[in-house]
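Only one structure is covered here, and it is reproduced in the block below.
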Amino acid sequence: MIKRKYWTKKVLPVMMCAALLMTNPVSAEAATAAERNAYQAVFDADYYRSAYPDVAAAFGNNKAALFNHFVNYGLREGRSCSADFNPQAYRAKYADLQQAFGDDMAAYCRHYVTCGKAEGRDGGGTGSASAATVTDAATTDTATVQGNVIGTCTTEYDATVPRAVNVELAAARINGVVVQPGKSFSFSSTILPRTSANGYVVAPIYISGTVGTGTGGGVCQVSSTLYAAMLHAGLPATERYPHSLPVIYLPAGYDAAIAGTSKDLKFTNTFSQPLLIQASASGGTLTVTLTLQ
C-alpha cells in the first residue's frame with residue numbers, strides 16, 4: 001500500500017544494501033550499460049512473451065527484441081519482467097526502498113536480486129504467465145484468489161477547497177466499477193466529461209507546464225491514485241500520460257494526467273477474474289483499491 005503522507009524516512013534497514021548498489025558513480029554511457037545489466041538479471045523473455053500477447057505478436061521469439069521492448073517501453077508501462085518480479089510494483093510496495101532509490105529503477109532490480117529476494121520481499125510479479133493473461137485455466141497464484149486485494153493506494157487532498165468537489169465526484173464515479181477479464185477500462189469515459197452540468201467545478205489545473213484553472217481540476221489525483229494502485233498490482237496501463245509539472249501527492253512516475261479527450265488512463269483486465277475498483281474520498285483522504293472477485 002502506498003500512503004504518501006506517512007512514508008517513513010527511517011531507511012536504515014536498507015542503507016547497507018543501498019550503499020552497495022549506488023556507490024561508485026559511472027558516466028552516462030556506462031550507466032546505460034549498467035542499467036541494462038540490472039534489467040537483464042531480472043528479465044525472463046519466455047515469460048514476457050507469454051504474458052503479453054501484443055508484444056509476442058510484434059516480436060515473436062526474438063529474445064533481444066523482447067528485452068529491448070521491456071527496457072524502452074514495458075518498464076515504463078508497469079509490465080512484469082518475470083513471474084516473480086515487477087519493478088514498478090516492487091517500488092510501490094516498499095517505502096524504505098523508495099527513500100533509498102527514488103526513481104532509479106535499475107537499483108530496485110539490483111536490490112531484489114542481491115537483497116530483496118533473500119529477505120523474503122514480494123517482487124510484485126503476477127505469478128505464471130497464465131495469471132497475467134486472460135485464461136480459463138484454474139490457478140492457485142495468490143494474485144488470482146477470489147476476493148483478493150491486489151493493489152491499493154492512498155493519497156491526501158485539501159478537503160476545504162473547491163478542488164475537493166472534483167476529487168470526491170471522480171472517486172464516486174469509478175467506485176464499484178467491475179472490469180471483466182479481457183475488457184478495457186477508460187478513466188475519462190467513466191467519470192464523464194468535466195463540465196458543470198456533470199457536477200464539476202473550476203479548480204487549478206496544469207496547462208503545458210504552467211498552473212491555470214479549469215473545470216474538473218483535481219480529477220487527475222484520482223486517476224493518479226488509481227494508476228499507483230495498478231502499479232502495485234502489476235497491472236500495466238494501455239494508455240497513460242505524465243503531468244507537465246510534478247504533483248505533490250505522489251512521487252514522479254506514479255501520476256496519470258487526464259485532459260479532455262486527448263489524455264486518458266486506460267487498462268485491460270489481464271487477469272482471469274473480474275476486477276473490482278473501489279474508491280473513496282472523504283475528509284482529505286483518497287483511497288483506491290483493486291480487488292479480484
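Letters A, B, ... go to the chains of the C-alpha cells in the order shown; residues in each chain start at 1; ligands are counted from 1 in the same order.
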
Looking only at strand (DSSP E or B) from DSSP on the backbone, list the matching residues of stretch 39-194 of chain A as a list in words.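 Matching residues for strand (DSSP E or B) in stretch 39-194 of chain A are Phe85, Gly124, Asn148, Val149, Ile150, Gly151, Thr152, Cys153, Thr154, Thr155, Glu156, Val178, Val179, Ser184, Phe185 and Ser186 of chain A.
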
So that I have them on file, write out the residues from the current selection with N, CA and C atoms, as a CSV table (one decimal), in the first residue's frame.
chain,number,residue,atom,x,y,z
A,85,PHE,N,8.7,-10.9,-10.6
A,85,PHE,CA,9.2,-9.5,-10.4
A,85,PHE,C,8.6,-8.5,-11.3
A,124,GLY,N,6.4,-8.5,-6.5
A,124,GLY,CA,5.3,-7.9,-7.2
A,124,GLY,C,4.9,-8.5,-8.5
A,148,ASN,N,-9.3,-11.3,-3.5
A,148,ASN,CA,-8.0,-10.8,-3.1
A,148,ASN,C,-7.7,-9.4,-3.5
A,149,VAL,N,-7.3,-8.6,-2.6
A,149,VAL,CA,-6.8,-7.2,-2.9
A,149,VAL,C,-5.5,-7.3,-3.5
A,150,ILE,N,-5.3,-6.8,-4.7
A,150,ILE,CA,-4.0,-6.9,-5.4
A,150,ILE,C,-3.3,-5.6,-5.5
A,151,GLY,N,-4.0,-4.5,-5.2
A,151,GLY,CA,-3.3,-3.2,-5.3
A,151,GLY,C,-4.1,-2.1,-4.6
A,152,THR,N,-3.5,-1.3,-3.9
A,152,THR,CA,-4.2,-0.2,-3.2
A,152,THR,C,-3.2,1.0,-3.1
A,153,CYS,N,-3.8,2.2,-3.0
A,153,CYS,CA,-3.0,3.4,-2.8
A,153,CYS,C,-3.9,4.5,-2.1
A,154,THR,N,-3.3,5.2,-1.2
A,154,THR,CA,-3.9,6.3,-0.5
A,154,THR,C,-3.1,7.6,-0.7
A,155,THR,N,-3.8,8.7,-1.1
A,155,THR,CA,-3.2,10.0,-1.1
A,155,THR,C,-4.0,11.0,-0.4
A,156,GLU,N,-3.5,12.1,-0.1
A,156,GLU,CA,-4.1,13.1,0.7
A,156,GLU,C,-4.5,14.4,-0.2
A,178,VAL,N,-16.8,-2.7,-12.2
A,178,VAL,CA,-16.2,-4.1,-12.3
A,178,VAL,C,-15.7,-4.3,-13.8
A,179,VAL,N,-14.5,-4.6,-14.0
A,179,VAL,CA,-13.9,-4.8,-15.3
A,179,VAL,C,-13.8,-6.3,-15.5
A,184,SER,N,-11.7,-3.6,-21.3
A,184,SER,CA,-10.9,-2.4,-21.1
A,184,SER,C,-11.6,-1.4,-20.2
A,185,PHE,N,-10.9,-0.6,-19.5
A,185,PHE,CA,-11.4,0.5,-18.7
A,185,PHE,C,-10.8,1.8,-19.1
A,186,SER,N,-11.7,2.8,-19.2
A,186,SER,CA,-11.3,4.2,-19.5
A,186,SER,C,-11.7,5.1,-18.4

Which one is closest to A:Leu235: A:Gln99, A:Asn269, A:Gln278, A:Asn62? Count only C-alpha atoms.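 For A:Leu235, the nearest of the candidates is A:Asn269.
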
Which residues are near A:Thr238? Cut-off 10 Å, only C-alpha atoms, ignore same chain within fewer than 5 positions. Put them as a list in words.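 In the requested form, the answer reads Glu77, Gly78, Ser184, Phe185, Ser186, Asp264, Leu265, Lys266, Phe267 and Thr268 of chain A.
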
Report, in Å to a single decimal, how far apart atom CA of A:Gly123 and atom CA of A:Ala51 are. 16.4 Å
